[in-house]
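Q: Data file my_file25.cif (mmCIF, C-alpha atoms) is appended below.
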```cif
data_structure
loop_
_atom_site.label_atom_id
_atom_site.label_comp_id
_atom_site.auth_asym_id
_atom_site.auth_seq_id
_atom_site.Cartn_x
_atom_site.Cartn_y
_atom_site.Cartn_z
CA MET A 858 -80.98 207.88 109.59
CA ALA A 859 -84.16 209.63 108.44
CA LEU A 860 -85.51 210.49 105.01
CA LYS A 861 -87.18 213.68 103.85
CA LYS A 862 -89.88 214.00 101.23
CA PHE A 863 -90.88 217.08 99.25
CA ARG A 864 -94.12 218.75 98.28
CA PRO A 865 -94.86 217.90 94.62
CA LEU A 866 -94.51 221.45 93.32
CA THR A 867 -92.51 220.26 90.29
CA PRO A 868 -92.26 216.89 88.51
CA SER A 869 -88.77 216.30 89.92
CA LEU A 870 -89.99 216.88 93.49
CA ARG A 871 -92.96 214.53 93.21
CA PHE A 872 -91.10 211.30 94.00
CA LYS A 873 -87.85 212.71 95.37
CA THR A 874 -86.76 211.15 98.68
CA LEU A 875 -83.40 212.17 100.11
CA PRO A 876 -81.53 211.55 103.38
CA THR A 877 -81.60 214.25 106.05
CA PHE A 878 -77.88 213.79 106.84
CA GLU A 879 -78.70 214.45 110.49
CA GLU A 880 -76.06 211.93 111.60
CA ILE A 881 -73.27 213.83 109.81
CA THR A 882 -71.14 215.84 112.27
CA LYS A 883 -68.30 217.02 109.99
CA THR A 884 -68.72 218.35 106.46
CA GLN A 885 -65.11 218.50 105.24
CA PRO A 886 -62.97 215.34 105.06
CA GLU A 887 -59.69 214.90 106.95
CA LYS A 888 -57.15 216.22 104.46
CA SER A 889 -54.40 213.77 105.41
CA LEU A 890 -56.74 210.84 104.67
CA THR A 891 -57.81 211.91 101.16
CA ARG A 892 -56.26 211.28 97.76
CA PRO A 893 -57.10 212.55 94.24
CA LEU A 894 -59.55 210.34 92.35
CA LYS A 895 -59.12 210.19 88.59
CA LYS A 896 -62.18 209.34 86.51
CA THR A 897 -61.97 206.70 83.79
CA GLY A 898 -65.25 207.32 81.98
CA GLY A 899 -65.54 203.55 81.57
CA ARG A 900 -62.28 203.35 79.56
CA ASN A 901 -59.34 201.04 80.19
CA ASN A 902 -55.63 201.88 79.95
CA GLN A 903 -55.85 201.67 76.15
CA GLY A 904 -58.67 204.19 76.00
CA ARG A 905 -61.23 201.61 74.94
CA LEU A 906 -64.75 201.57 76.36
CA THR A 907 -65.02 198.53 78.67
CA SER A 908 -67.85 199.67 80.96
CA ARG A 909 -70.77 201.36 79.25
CA HIS A 910 -72.90 204.24 80.53
CA ARG A 911 -70.17 205.83 82.65
CA GLY A 912 -68.98 209.42 82.45
CA GLY A 913 -69.26 212.92 83.87
CA GLY A 914 -70.28 213.17 87.48
CA HIS A 915 -69.20 215.44 90.29
CA LYS A 916 -65.53 215.68 91.21
CA ARG A 917 -64.64 213.53 94.23
CA LYS A 918 -61.78 212.85 96.59
CA LEU A 919 -60.94 209.31 97.67
CA ARG A 920 -61.20 208.69 101.43
CA LEU A 921 -58.66 206.13 102.69
CA ILE A 922 -60.65 203.59 104.72
CA ASP A 923 -58.84 201.33 107.18
CA PHE A 924 -60.32 197.97 106.16
CA LYS A 925 -57.49 196.09 107.90
CA ARG A 926 -57.86 197.80 111.31
CA TYR A 927 -54.07 197.55 111.54
CA LYS A 928 -53.73 199.31 114.92
CA ARG A 929 -54.45 196.40 117.24
CA ASP A 930 -55.18 196.57 120.97
CA SER A 931 -55.28 200.38 120.86
CA VAL A 932 -58.36 202.32 121.93
CA ALA A 933 -59.60 205.00 119.53
CA ASN A 934 -62.16 207.76 120.03
CA VAL A 935 -64.86 208.46 117.44
CA ILE A 936 -64.48 212.17 116.71
CA ALA A 937 -66.77 212.54 113.66
CA ILE A 938 -69.29 210.82 111.41
CA GLU A 939 -68.82 211.87 107.77
CA TYR A 940 -70.38 211.49 104.33
CA ASP A 941 -68.39 209.54 101.74
CA PRO A 942 -69.34 210.12 98.08
CA ASN A 943 -67.53 206.93 97.02
CA ARG A 944 -69.75 204.48 98.95
CA SER A 945 -73.29 204.09 100.25
CA ALA A 946 -72.25 203.79 103.91
CA ARG A 947 -71.22 206.61 106.24
CA ILE A 948 -67.67 206.68 107.60
CA ALA A 949 -66.41 207.36 111.11
CA LEU A 950 -63.22 209.31 111.86
CA LEU A 951 -61.16 207.72 114.65
CA GLU A 952 -58.34 209.26 116.67
CA TYR A 953 -55.92 207.07 118.61
CA GLY A 954 -53.91 207.99 121.68
CA ASP A 955 -50.85 208.90 119.55
CA GLN A 956 -52.99 211.45 117.60
CA GLU A 957 -53.11 209.23 114.51
CA LYS A 958 -56.41 209.37 112.63
CA THR A 959 -58.12 206.74 110.45
CA TYR A 960 -61.47 206.15 108.78
CA ILE A 961 -63.70 203.10 109.29
CA LEU A 962 -67.21 202.26 108.10
CA ALA A 963 -69.76 203.64 110.57
CA PRO A 964 -72.05 200.90 111.96
CA VAL A 965 -75.57 201.50 113.26
CA GLY A 966 -75.46 203.06 116.73
CA LEU A 967 -71.88 204.38 116.61
CA LYS A 968 -71.80 207.99 117.85
CA VAL A 969 -69.25 210.73 118.41
CA GLY A 970 -67.51 210.15 121.73
CA ASP A 971 -67.69 206.34 121.58
CA ARG A 972 -64.53 204.29 122.01
CA VAL A 973 -63.65 201.43 119.66
CA MET A 974 -60.85 198.91 119.52
CA ALA A 975 -59.48 196.19 117.23
CA GLY A 976 -57.79 193.02 118.43
CA ALA A 977 -58.35 189.63 120.02
CA LYS A 978 -58.63 191.29 123.45
CA ALA A 979 -61.38 193.71 122.42
CA GLU A 980 -64.86 193.40 123.86
CA PRO A 981 -67.63 192.21 121.48
CA ALA A 982 -69.18 195.68 121.21
CA ILE A 983 -70.44 197.68 118.21
CA GLY A 984 -67.56 199.04 116.13
CA ASN A 985 -64.94 196.72 117.63
CA ALA A 986 -63.04 194.39 115.28
CA LEU A 987 -62.20 190.88 116.47
CA PRO A 988 -61.09 187.59 114.91
CA LEU A 989 -64.06 185.35 114.12
CA LYS A 990 -62.91 182.85 116.74
CA ALA A 991 -63.40 185.49 119.48
CA ILE A 992 -66.86 186.73 118.41
CA PRO A 993 -69.89 185.23 120.23
CA LEU A 994 -72.09 182.95 118.12
CA GLY A 995 -75.23 184.61 116.79
CA SER A 996 -73.60 188.05 116.58
CA THR A 997 -74.34 190.51 113.78
CA ILE A 998 -71.13 191.35 111.92
CA HIS A 999 -69.91 193.26 108.88
CA ASN A 1000 -66.61 194.25 107.24
CA ILE A 1001 -65.48 190.60 107.03
CA GLU A 1002 -62.09 189.40 105.79
CA LEU A 1003 -61.89 186.42 103.43
CA THR A 1004 -58.14 185.89 103.93
CA PRO A 1005 -56.37 186.72 107.22
CA GLY A 1006 -54.56 190.06 106.93
CA ARG A 1007 -55.91 190.99 103.51
CA GLY A 1008 -58.53 193.41 104.80
CA ALA A 1009 -62.32 193.35 104.80
CA GLN A 1010 -64.01 192.36 101.54
CA LEU A 1011 -67.50 191.16 102.51
CA VAL A 1012 -70.56 193.03 103.86
CA ARG A 1013 -69.48 196.66 103.37
CA SER A 1014 -72.46 198.44 101.77
CA ALA A 1015 -75.10 200.50 103.58
CA GLY A 1016 -77.45 198.46 105.77
CA ALA A 1017 -75.58 195.20 105.13
CA GLN A 1018 -75.13 192.60 107.87
CA ALA A 1019 -74.17 188.95 108.28
CA PHE A 1020 -74.53 186.48 111.14
CA LEU A 1021 -71.96 184.23 112.77
CA THR A 1022 -73.83 180.93 113.09
CA ASN A 1023 -71.23 178.29 113.98
CA ARG A 1024 -67.54 177.36 114.27
CA GLU A 1025 -66.00 174.04 113.34
CA GLY A 1026 -62.59 172.73 112.27
CA GLY A 1027 -60.86 176.11 112.23
CA PHE A 1028 -63.62 177.75 110.19
CA ALA A 1029 -66.45 180.10 111.10
CA PHE A 1030 -69.81 179.70 109.34
CA ILE A 1031 -71.23 183.02 108.17
CA LYS A 1032 -74.81 183.48 106.95
CA LEU A 1033 -75.03 186.32 104.44
CA THR A 1034 -78.09 188.43 103.64
CA SER A 1035 -78.63 186.48 100.39
CA GLY A 1036 -79.12 183.30 102.42
CA GLU A 1037 -75.75 181.86 101.43
CA ILE A 1038 -73.77 180.19 104.20
CA ARG A 1039 -70.02 180.41 103.72
CA LYS A 1040 -67.17 179.14 105.88
CA ILE A 1041 -64.28 181.52 106.53
CA ASN A 1042 -61.00 181.03 108.36
CA GLU A 1043 -61.65 181.85 112.03
CA GLU A 1044 -58.45 183.95 112.14
CA CYS A 1045 -60.10 186.49 109.81
CA PHE A 1046 -61.28 189.73 111.40
CA ALA A 1047 -64.81 191.10 111.33
CA THR A 1048 -66.49 194.13 112.90
CA LEU A 1049 -69.46 193.88 115.27
CA GLY A 1050 -72.75 195.46 114.24
CA GLN A 1051 -74.64 196.36 111.07
CA VAL A 1052 -73.38 198.87 108.50
CA GLY A 1053 -75.09 202.24 108.99
CA ASN A 1054 -77.22 204.35 106.64
CA THR A 1055 -79.87 201.63 106.55
CA ASP A 1056 -82.39 203.77 104.63
CA HIS A 1057 -80.11 204.10 101.61
CA MET A 1058 -82.22 201.63 99.64
CA ASN A 1059 -85.29 203.90 100.02
CA ILE A 1060 -83.68 206.95 98.42
CA SER A 1061 -85.28 208.19 95.17
CA SER A 1062 -83.29 210.75 93.18
CA GLY A 1063 -86.41 212.28 91.61
CA LYS A 1064 -84.78 213.37 88.37
CA ALA A 1065 -82.34 212.20 85.72
CA GLY A 1066 -79.93 215.02 86.47
CA ARG A 1067 -79.13 213.71 89.92
CA THR A 1068 -78.17 210.37 88.36
CA ARG A 1069 -75.81 212.23 86.01
CA TRP A 1070 -74.14 213.84 89.05
CA LEU A 1071 -73.25 210.31 90.17
CA GLY A 1072 -71.47 209.67 86.86
CA ARG A 1073 -74.13 207.45 85.29
CA ARG A 1074 -74.97 208.19 81.67
CA PRO A 1075 -78.23 207.25 79.92
CA HIS A 1076 -78.83 203.53 79.43
CA VAL A 1077 -80.51 202.91 76.05
CA ARG A 1078 -82.57 199.73 75.60
CA GLY A 1079 -81.40 197.31 72.94
CA MET A 1080 -84.93 196.87 71.60
CA VAL A 1081 -85.06 200.47 70.35
CA MET A 1082 -81.74 200.22 68.51
CA ASN A 1083 -81.10 199.23 64.92
CA PRO A 1084 -80.09 195.66 64.00
CA VAL A 1085 -76.52 196.82 63.34
CA ASP A 1086 -76.21 198.02 66.94
CA HIS A 1087 -77.90 195.25 68.94
CA PRO A 1088 -79.17 191.68 68.41
CA MET A 1089 -82.61 192.75 69.66
CA GLY A 1090 -82.82 195.82 67.42
CA GLY A 1091 -84.96 196.42 64.37
CA GLY A 1092 -88.52 195.47 63.49
CA GLN A 1093 -91.68 197.47 62.98
CA GLY A 1094 -93.02 199.20 66.07
CA LYS A 1095 -92.41 197.62 69.47
CA SER A 1096 -91.32 194.26 68.11
CA LYS A 1097 -89.72 191.80 70.48
CA GLY A 1098 -86.28 191.08 69.13
CA GLY A 1099 -86.51 192.42 65.60
CA GLY A 1100 -86.24 189.39 63.35
CA GLY A 1101 -88.21 187.16 65.70
CA ARG A 1102 -89.15 186.75 69.34
CA HIS A 1103 -86.26 185.38 71.39
CA HIS A 1104 -84.83 185.72 74.87
CA PRO A 1105 -83.27 189.07 75.87
CA VAL A 1106 -79.54 189.15 75.25
CA SER A 1107 -76.63 191.54 75.76
CA PRO A 1108 -75.15 193.49 72.81
CA TRP A 1109 -72.71 190.56 72.42
CA GLY A 1110 -75.37 187.87 72.40
CA GLN A 1111 -75.11 186.56 75.98
CA LEU A 1112 -78.45 185.71 77.62
CA ALA A 1113 -79.50 188.53 79.92
CA LYS A 1114 -82.09 186.80 82.12
CA GLY A 1115 -81.62 183.59 84.08
CA PHE A 1116 -78.24 182.68 82.60
CA LYS A 1117 -75.74 181.79 85.34
CA THR A 1118 -72.42 183.56 84.78
CA ARG A 1119 -70.50 182.11 87.75
CA ARG A 1120 -67.74 179.68 86.72
CA LYS A 1121 -68.71 176.02 87.24
CA HIS A 1122 -65.46 175.04 88.95
CA LYS A 1123 -64.46 178.11 90.95
CA PRO A 1124 -61.84 177.44 93.68
CA SER A 1125 -63.94 179.16 96.34
CA ASP A 1126 -66.84 176.73 95.80
CA ARG A 1127 -65.44 174.51 98.55
CA PHE A 1128 -66.10 177.27 101.10
CA ILE A 1129 -69.81 177.60 100.22
CA VAL A 1130 -71.83 175.41 102.58
CA GLN A 1131 -75.26 176.47 101.29
CA ARG A 1132 -76.07 178.41 98.14
CA LYS A 1133 -78.07 181.62 98.24
CA LYS A 1134 -81.84 181.43 98.14
CA ALA A 1135 -83.36 181.02 94.68
CA LYS A 1136 -85.50 183.92 93.47
CA LYS A 1137 -89.24 183.23 93.52
#
```
What is this file in structure tokens?

A:
Amino acid sequence: MALKKFRPLTPSLRFKTLPTFEEITKTQPEKSLTRPLKKTGGRNNQGRLTSRHRGGGHKRKLRLIDFKRYKRDSVANVIAIEYDPNRSARIALLEYGDQEKTYILAPVGLKVGDRVMAGAKAEPAIGNALPLKAIPLGSTIHNIELTPGRGAQLVRSAGAQAFLTNREGGFAFIKLTSGEIRKINEECFATLGQVGNTDHMNISSGKAGRTRWLGRRPHVRGMVMNPVDHPMGGGQGKSKGGGGRHHPVSPWGQLAKGFKTRRKHKPSDRFIVQRKKAKK
């Protein structure tokens, strides 16, 4: 994937960096694999705001992605690479021998005309899904299941990848990008390769309006609010924290920097072999 920059003829063009979409081969989604997507605006089923700064945005259709790769030991042809507005990665449209079509995440290097397969008998090639016990050690993988048969939950965003480092006692040891090493049941499936659209992290929207198209509303700092609206509000001028200097907190008083929010005794702790690298 390549990026394109613009001549700074206007303020919004000065820092704008967008993808070229040169890998996209089909502009309209497969109708049978789409569903309506209702917006919540950050509200729950009672109409109360539970996620701030959400709302508006362009209308979208949900693409049904086959995270389970349920058609096993069947060869499929890649017939298109498409854009998906609901995720950072690109998606690939597959067609099986019985004319059934599905979507999967498009890994780096997957092209139209390639053949992919899911199952224990599949070759360890890019785009193929295999159980962790059948994948060669040292392989780059993505789209990883945490529970056999549940479907992929780990390593699904653009440019993400993990490494299969070891196998022992019915578990595979996976090293994630964060540096965390986690053991996963070796019966779980994973897909070979790295998730595509690797330059996604280098995209710069260039203007606030483009962020609004994505459904993100303005995020107002607590320090510029009044004391009634935020613990850090109030004070004369740019005062830190209003009534006195203290650590940044959320609107509800929870520490915003450095405070660990993970539960101390989470059941999945026993599967973490090595914690992620500490920030410098």

Q: For Trp1109 (chain A), find every residue with an atom within 10 Å (counting only C-alpha atoms), except residues of its own chain fewer than 2 positions away, and show them as JSON, numbers by chain.

A: {"A": [1086, 1087, 1088, 1106, 1107, 1111, 1112]}

Q: Evaluate the PyMOL selection byres ((chain A and resi 998) around 8) against this structure - the residues, as a ChimeraX atom specification, please.

A: /A:996-997,999-1001,1018-1021,1047-1051

Q: For the residues in the current selection, export C-alpha atoms as a compact mmCIF listing (two decimals), keeping the file's coordinate frame.

A:
```
# COMPACT_ATOMS: atom_id res chain seq x y z
CA SER A 996 -73.60 188.05 116.58
CA THR A 997 -74.34 190.51 113.78
CA HIS A 999 -69.91 193.26 108.88
CA ASN A 1000 -66.61 194.25 107.24
CA ILE A 1001 -65.48 190.60 107.03
CA GLN A 1018 -75.13 192.60 107.87
CA ALA A 1019 -74.17 188.95 108.28
CA PHE A 1020 -74.53 186.48 111.14
CA LEU A 1021 -71.96 184.23 112.77
CA ALA A 1047 -64.81 191.10 111.33
CA THR A 1048 -66.49 194.13 112.90
CA LEU A 1049 -69.46 193.88 115.27
CA GLY A 1050 -72.75 195.46 114.24
CA GLN A 1051 -74.64 196.36 111.07
```

Q: Go through A:Lys928, A:Lys883, A:Arg864, A:Arg920 one by one, measure the shortest atom-to-atom distance of each to Val973 (chain A) using all atoms listed in the file, and give the residue with the smallest value.

A: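 Of A:Lys928, A:Lys883, A:Arg864, A:Arg920, the one nearest Val973 (chain A), counting all atoms listed in the file, is A:Lys928.
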
Q: Quick one: residues within 9 Å of Leu1033 (chain A), only C-alpha atoms, excluding same-chain residues fewer than 3 positions away - as a PyMOL selection string?

A: chain A and resi 1012+1017-1020+1036-1039+1133

Q: For C-alpha atoms, I'd like the residues from the last selection saved as an mmCIF file, in the frame of the given file.

A:
```cif
data_model
loop_
_atom_site.group_PDB
_atom_site.id
_atom_site.type_symbol
_atom_site.label_atom_id
_atom_site.label_comp_id
_atom_site.auth_asym_id
_atom_site.auth_seq_id
_atom_site.Cartn_x
_atom_site.Cartn_y
_atom_site.Cartn_z
ATOM 1 C CA VAL A 1012 -70.560 193.030 103.860
ATOM 2 C CA ALA A 1017 -75.580 195.200 105.130
ATOM 3 C CA GLN A 1018 -75.130 192.600 107.870
ATOM 4 C CA ALA A 1019 -74.170 188.950 108.280
ATOM 5 C CA PHE A 1020 -74.530 186.480 111.140
ATOM 6 C CA GLY A 1036 -79.120 183.300 102.420
ATOM 7 C CA GLU A 1037 -75.750 181.860 101.430
ATOM 8 C CA ILE A 1038 -73.770 180.190 104.200
ATOM 9 C CA ARG A 1039 -70.020 180.410 103.720
ATOM 10 C CA LYS A 1133 -78.070 181.620 98.240
#
```

Q: Please measure the separation of CA of Leu919 (chain A) and CA of Thr891 (chain A), giving the value in Å to one decimal.

A: 5.4 Å

Q: Find the smallest box with edges along x, y and z containing every listed atom of region 1003-1015 of chain A, then add 6 Å on each side and report centre and edge lengths in Å to one decimal, as JSON.

A:
```
{"center_x": -64.8, "center_y": 193.2, "center_z": 104.4, "size_x": 32.5, "size_y": 26.6, "size_z": 17.7}
```

Q: For each of A:Leu967, A:Ala1065, A:Cys1045, A:Ile1060, take the minimum atom-to-atom distance to Ile938 (chain A), counting all atoms listed in the file, then give the residue where this is smallest.

A: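 Comparing A:Leu967, A:Ala1065, A:Cys1045, A:Ile1060 against Ile938 (chain A), the winner is A:Leu967.
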
Q: Work out how far apart CA of Gly1063 (chain A) and CA of Thr867 (chain A) are and give it in Å to one decimal.

A: 10.1 Å

Q: So the first atom is CA of Asn1054 (chain A) and the second is CA of Ala946 (chain A); what is the distance between them in Å, to one decimal place?

A: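 Result for CA of Asn1054 (chain A) versus CA of Ala946 (chain A): 5.7 Å, one decimal.
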
Q: I'd like the neighbourhood of Gly954 (chain A) as an MDAnalysis selection string, where a residue qualifies if any of its atoms comes within 8 Å (using all atoms listed in the file), though same-chain residues fewer than 6 positions away should be ignored.

A: chainID A and resid 931:933

Q: Atoms to include: C-alpha atoms. Write the selected residues as a PDB file, in the coordinates of the input.

A:
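Result file result39.pdb:
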```
ATOM      1  CA  SER A 931     -55.280 200.380 120.860  1.00  0.00           C
ATOM      2  CA  VAL A 932     -58.360 202.320 121.930  1.00  0.00           C
ATOM      3  CA  ALA A 933     -59.600 205.000 119.530  1.00  0.00           C
TER       4      ALA A 933
END
```

Q: With distances taken over only C-alpha atoms, which of A:Val1085, A:Leu950, A:Val1130, A:Leu994 is nearest to Pro1108 (chain A)?

A: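 Comparing A:Val1085, A:Leu950, A:Val1130, A:Leu994 against Pro1108 (chain A), the winner is A:Val1085.
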
Q: Run the PyMOL selection byres ((chain A and resi 951) around 7) mentally over the shown coordinates, then write out the matched residues as a list in words, using the chain letters and numbers from the document.

A: Ala933, Asn934, Val935, Ile936, Ala949, Leu950, Glu952, Tyr953, Lys958, Thr959 and Tyr960 of chain A

Q: Could you spell out the hits of the PyMOL selection byres ((chain A and resi 1058) around 12) on the shown file, as a list in words?

A: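 So the PyMOL selection byres ((chain A and resi 1058) around 12) ends up selecting Met858, Leu860, Thr874, Leu875, Pro876, Ser945, Ala946, Ser1014, Ala1015, Gly1016, Ala1017, Gly1053, Asn1054, Thr1055, Asp1056, His1057, Asn1059, Ile1060, Ser1061 and Ser1062 of chain A.
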
Q: Could region 946-971 of chain A be completed with N, CA and C atoms and written as a PDB file, in the coordinates of the input, please?

A:
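Printed below is result-v8.pdb as written:
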```pdb
ATOM      1  N   ALA A 946     -72.298 203.710 102.455  1.00  0.00           N
ATOM      2  CA  ALA A 946     -72.250 203.790 103.910  1.00  0.00           C
ATOM      3  C   ALA A 946     -71.644 205.116 104.364  1.00  0.00           C
ATOM      4  N   ARG A 947     -71.899 205.472 105.620  1.00  0.00           N
ATOM      5  CA  ARG A 947     -71.220 206.610 106.240  1.00  0.00           C
ATOM      6  C   ARG A 947     -69.884 206.128 106.799  1.00  0.00           C
ATOM      7  N   ILE A 948     -68.967 207.055 107.045  1.00  0.00           N
ATOM      8  CA  ILE A 948     -67.670 206.680 107.600  1.00  0.00           C
ATOM      9  C   ILE A 948     -67.446 207.422 108.914  1.00  0.00           C
ATOM     10  N   ALA A 949     -66.702 206.785 109.792  1.00  0.00           N
ATOM     11  CA  ALA A 949     -66.410 207.360 111.110  1.00  0.00           C
ATOM     12  C   ALA A 949     -64.923 207.698 111.179  1.00  0.00           C
ATOM     13  N   LEU A 950     -64.607 208.874 111.688  1.00  0.00           N
ATOM     14  CA  LEU A 950     -63.220 209.310 111.860  1.00  0.00           C
ATOM     15  C   LEU A 950     -62.767 208.960 113.269  1.00  0.00           C
ATOM     16  N   LEU A 951     -61.701 208.151 113.361  1.00  0.00           N
ATOM     17  CA  LEU A 951     -61.160 207.720 114.650  1.00  0.00           C
ATOM     18  C   LEU A 951     -59.867 208.453 114.952  1.00  0.00           C
ATOM     19  N   GLU A 952     -59.624 208.680 116.237  1.00  0.00           N
ATOM     20  CA  GLU A 952     -58.340 209.260 116.670  1.00  0.00           C
ATOM     21  C   GLU A 952     -57.793 208.404 117.802  1.00  0.00           C
ATOM     22  N   TYR A 953     -56.567 207.911 117.609  1.00  0.00           N
ATOM     23  CA  TYR A 953     -55.920 207.070 118.610  1.00  0.00           C
ATOM     24  C   TYR A 953     -55.153 207.933 119.612  1.00  0.00           C
ATOM     25  N   GLY A 954     -54.626 207.276 120.623  1.00  0.00           N
ATOM     26  CA  GLY A 954     -53.910 207.990 121.680  1.00  0.00           C
ATOM     27  C   GLY A 954     -52.673 208.716 121.196  1.00  0.00           C
ATOM     28  N   ASP A 955     -52.046 208.243 120.102  1.00  0.00           N
ATOM     29  CA  ASP A 955     -50.850 208.900 119.550  1.00  0.00           C
ATOM     30  C   ASP A 955     -51.206 209.964 118.516  1.00  0.00           C
ATOM     31  N   GLN A 956     -52.467 210.405 118.497  1.00  0.00           N
ATOM     32  CA  GLN A 956     -52.990 211.450 117.600  1.00  0.00           C
ATOM     33  C   GLN A 956     -53.139 210.995 116.150  1.00  0.00           C
ATOM     34  N   GLU A 957     -52.918 209.727 115.877  1.00  0.00           N
ATOM     35  CA  GLU A 957     -53.110 209.230 114.510  1.00  0.00           C
ATOM     36  C   GLU A 957     -54.604 209.073 114.232  1.00  0.00           C
ATOM     37  N   LYS A 958     -55.008 209.424 113.006  1.00  0.00           N
ATOM     38  CA  LYS A 958     -56.410 209.370 112.630  1.00  0.00           C
ATOM     39  C   LYS A 958     -56.623 208.371 111.489  1.00  0.00           C
ATOM     40  N   THR A 959     -57.749 207.664 111.520  1.00  0.00           N
ATOM     41  CA  THR A 959     -58.120 206.740 110.450  1.00  0.00           C
ATOM     42  C   THR A 959     -59.628 206.795 110.247  1.00  0.00           C
ATOM     43  N   TYR A 960     -60.051 206.285 109.089  1.00  0.00           N
ATOM     44  CA  TYR A 960     -61.470 206.150 108.780  1.00  0.00           C
ATOM     45  C   TYR A 960     -61.884 204.691 108.873  1.00  0.00           C
ATOM     46  N   ILE A 961     -63.087 204.420 109.381  1.00  0.00           N
ATOM     47  CA  ILE A 961     -63.700 203.100 109.290  1.00  0.00           C
ATOM     48  C   ILE A 961     -65.151 203.284 108.836  1.00  0.00           C
ATOM     49  N   LEU A 962     -65.784 202.195 108.413  1.00  0.00           N
ATOM     50  CA  LEU A 962     -67.210 202.260 108.100  1.00  0.00           C
ATOM     51  C   LEU A 962     -67.990 202.455 109.398  1.00  0.00           C
ATOM     52  N   ALA A 963     -68.992 203.322 109.368  1.00  0.00           N
ATOM     53  CA  ALA A 963     -69.760 203.640 110.570  1.00  0.00           C
ATOM     54  C   ALA A 963     -70.923 202.664 110.720  1.00  0.00           C
ATOM     55  N   PRO A 964     -70.920 201.802 111.746  1.00  0.00           N
ATOM     56  CA  PRO A 964     -72.050 200.900 111.960  1.00  0.00           C
ATOM     57  C   PRO A 964     -73.228 201.608 112.622  1.00  0.00           C
ATOM     58  N   VAL A 965     -74.371 200.958 112.624  1.00  0.00           N
ATOM     59  CA  VAL A 965     -75.570 201.500 113.260  1.00  0.00           C
ATOM     60  C   VAL A 965     -75.306 201.658 114.763  1.00  0.00           C
ATOM     61  N   GLY A 966     -75.597 202.839 115.295  1.00  0.00           N
ATOM     62  CA  GLY A 966     -75.460 203.060 116.730  1.00  0.00           C
ATOM     63  C   GLY A 966     -74.140 203.662 117.150  1.00  0.00           C
ATOM     64  N   LEU A 967     -73.166 203.770 116.244  1.00  0.00           N
ATOM     65  CA  LEU A 967     -71.880 204.380 116.610  1.00  0.00           C
ATOM     66  C   LEU A 967     -72.027 205.893 116.612  1.00  0.00           C
ATOM     67  N   LYS A 968     -71.625 206.543 117.692  1.00  0.00           N
ATOM     68  CA  LYS A 968     -71.800 207.990 117.850  1.00  0.00           C
ATOM     69  C   LYS A 968     -70.463 208.641 118.197  1.00  0.00           C
ATOM     70  N   VAL A 969     -70.433 209.957 118.019  1.00  0.00           N
ATOM     71  CA  VAL A 969     -69.250 210.730 118.410  1.00  0.00           C
ATOM     72  C   VAL A 969     -69.047 210.596 119.923  1.00  0.00           C
ATOM     73  N   GLY A 970     -67.811 210.336 120.319  1.00  0.00           N
ATOM     74  CA  GLY A 970     -67.510 210.150 121.730  1.00  0.00           C
ATOM     75  C   GLY A 970     -67.365 208.689 122.125  1.00  0.00           C
ATOM     76  N   ASP A 971     -67.851 207.769 121.283  1.00  0.00           N
ATOM     77  CA  ASP A 971     -67.690 206.340 121.580  1.00  0.00           C
ATOM     78  C   ASP A 971     -66.233 205.938 121.438  1.00  0.00           C
TER      79      ASP A 971
END
```
